[in-house]
Amino acid sequence: MKAFDSLISKSNAILIIASRPLDFDSLGSGLILKKYLESLGKKVKLVYPETLTGYSREVYGFLPFFKEIIFGDSREILKHPDGLLILLDGTSLVQFYDAFQDPSNPPDFKIWPERLRIDHHLQKPEKLETRLIRDPQASSTTEIILHRIIPPGFINQQIATIGYAALAGDTGNFCWNFTASTLKLASVLVAKDADKLTIINRLFYFKSANYFKLVKLVIDNVEFDPKLKTVFLTIPYRKLKTWNLSEEDYREMRLTFLEELGRKVRGFDRYVALLEKDPGHIHVSARGNNLNNKINLPKMFMEVGGNGGGHFNALGFEVEGNLGEVKARVKKLIGEYLLPKPQSLR
Ligand SMILES: [Mn+2]
């Protein structure tokens with residue numbers, strides 16, 4: 001890709017930041033790009049902007065070159081611009097520094113004159129980059145990089161393993177968000193002997209022993225709304241506090257609802273989690289059934305404070321407000337979006 005080549009030819013040093021939240025595409029796209037740029041003689045640093053829990057290290061640690069990733073807040077390193085800044089697999093500023101530990105004093109990207117963002121998410125008004133490579137049709141940022149930047153000859157077994165992990169992760173093991181191109185690429189990676197079994201094991205058979213407790217919490221707190229064809233998981237702060245969940249358990253509980261139950265029950269086309277993480281601070285996430293959900297979820301949720309990021313059938317954001325009121329507004333919106341569009345008068 002010419003634009004990319006001319007951009008990197010100008011810089012000897014390159015800083016790559018892989019977006020939060022942690023997944024195989026974020027780390028994988030970073031690792032593949034790092035190894036490729038290093039093969040061109042560049043000095044590359046790859047940062048994932050938060051520290052990892054022991055569990056996450058177990059899940060992701062098998063990735064080739066994992067030890068080359070710098071884990072921890074990106075704010076210090078971002079204060080010293082040196083060469084090109086590349087932002088991967090994210091749309092908003094908070095994804096590129098440790099906003100979870102400390103949301104105040106976000107980094108100032110503008111002090112980096114050249115900033116490239118590569119992403120497959122829907123566009124968002126926040127403009128972080130000076131150059132953008134974006135393809136919302138692509139399954140993953142890794143797919144964009146392997147198709148448009150990396151020459152096929154560069155793919156060896158290690159790169160194939162990283163790439164396959166990213167594709168399988170972002171498509172739910174090829175259940176959604178994939179195209180013929182994705183499968184062609186997967187075929188190349190399998191032919192290069194990607195370590196499929198380890199990847200599938202880490203992605204789908206790696207639950208904690210207390211997973212069953214988390215499933216019970218979810219099941220005890222869901223509400224099926226047949227009129228809206230939507231399932232809600234609504235948990236107020238006072239209740240969430242009594243459960244005393246670790247950050248990992250919280251994430252696993254939320255994803256159990258969204259990814260394992262979500263999209264799956266006949267007659268219910270959307271799954272909405274409204275979790276009051278701190279008093280008045282609500283973590284909203286939703287999934288839509290890929291066949292039956294016709295509501296553009298990122299678009300609809302912008303009306304309750306969403307940032308427009310995500311995919312048609314998947315999103316998450318945080319908003320300040322009263323839990324009951326937010327839920328009532330979400331229900332009203334879904335009801336409105338489900339009404340047949342008025343026919344224009346002829
Ligand atoms: Mn991704």
# chains A, B, ... in the order shown; residues from 1 in each chain; ligands from 1
$ select_by_dssp --residues "segment 128-169 of chain A" --states "strand (DSSP E or B)" --output "PyMOL selection string"
chain A and resi 131-134
$ residues_near_ligand --ligand "ligand 1" --cutoff "6 Å" --atoms "only C-alpha atoms and all ligand atoms" --output "PyMOL selection string"
chain A and resi 25-26+89+140-141+170
$ atom_distance --atom1 "atom CA of Trp243 of chain A" --atom2 "atom CA of Leu323 of chain A"
18.1 Å
$ select_by_dssp --residues "segment 84-281 of chain A" --states "helix (DSSP H, G or I)" --output "ChimeraX atom specification"
/A:93-96,109-111,141-148,152-154,157-170,180-191,196-204,211-221,237-243,247-261
$ residues_around --residues "Gly306 of chain A" --least-positions-apart "3" --cutoff "6 Å" --atoms "only C-alpha atoms" --output "ChimeraX atom specification"
/A:301-302,317
$ residues_around --residues "segment 50-55 of chain A" --least-positions-apart "6" --cutoff "8 Å" --atoms "only C-alpha atoms" --output "MDAnalysis selection string"
chainID A and resid 20 71:74 97:98 248
$ closest_atom_pairs --of "segment 3-106 of chain A" --to "segment 196-209 of chain A" --cutoff "9 Å" --atoms "only C-alpha atoms" --output "JSON lines"
{"residue": "A:Tyr55", "atom": "CA", "partner": "A:Ser208", "partner_atom": "CA", "distance": 9.0}
{"residue": "A:Glu58", "atom": "CA", "partner": "A:Arg202", "partner_atom": "CA", "distance": 8.5}
{"residue": "A:Val59", "atom": "CA", "partner": "A:Arg202", "partner_atom": "CA", "distance": 5.5}
{"residue": "A:Tyr60", "atom": "CA", "partner": "A:Arg202", "partner_atom": "CA", "distance": 7.7}
{"residue": "A:Phe62", "atom": "CA", "partner": "A:Thr198", "partner_atom": "CA", "distance": 8.2}
{"residue": "A:Leu63", "atom": "CA", "partner": "A:Ile199", "partner_atom": "CA", "distance": 8.9}
$ write_last_selection --atoms "N, CA and C atoms" --output "CSV table (one decimal), in the first residue's frame"
chain,number,residue,atom,x,y,z
A,55,TYR,N,-4.9,-14.0,35.1
A,55,TYR,CA,-5.8,-14.8,34.2
A,55,TYR,C,-5.5,-14.4,32.7
A,58,GLU,N,-2.5,-15.9,31.3
A,58,GLU,CA,-2.7,-17.3,30.9
A,58,GLU,C,-3.4,-17.4,29.6
A,59,VAL,N,-4.4,-16.5,29.4
A,59,VAL,CA,-5.1,-16.6,28.1
A,59,VAL,C,-4.3,-16.2,26.9
A,60,TYR,N,-3.5,-15.1,27.1
A,60,TYR,CA,-2.9,-14.5,25.9
A,60,TYR,C,-1.4,-14.8,25.8
A,62,PHE,N,0.4,-17.3,25.4
A,62,PHE,CA,0.9,-18.3,24.4
A,62,PHE,C,1.2,-17.6,23.0
A,63,LEU,N,0.7,-16.4,22.8
A,63,LEU,CA,0.9,-15.8,21.5
A,63,LEU,C,2.4,-15.6,21.3
$ atom_distance --atom1 "atom CA of Asp193 of chain A" --atom2 "atom CA of Thr142 of chain A"
17.4 Å
$ residues_around --residues "Leu261 of chain A" --least-positions-apart "5" --cutoff "9 Å" --atoms "only C-alpha atoms" --output "ChimeraX atom specification"
/A:255-256,271
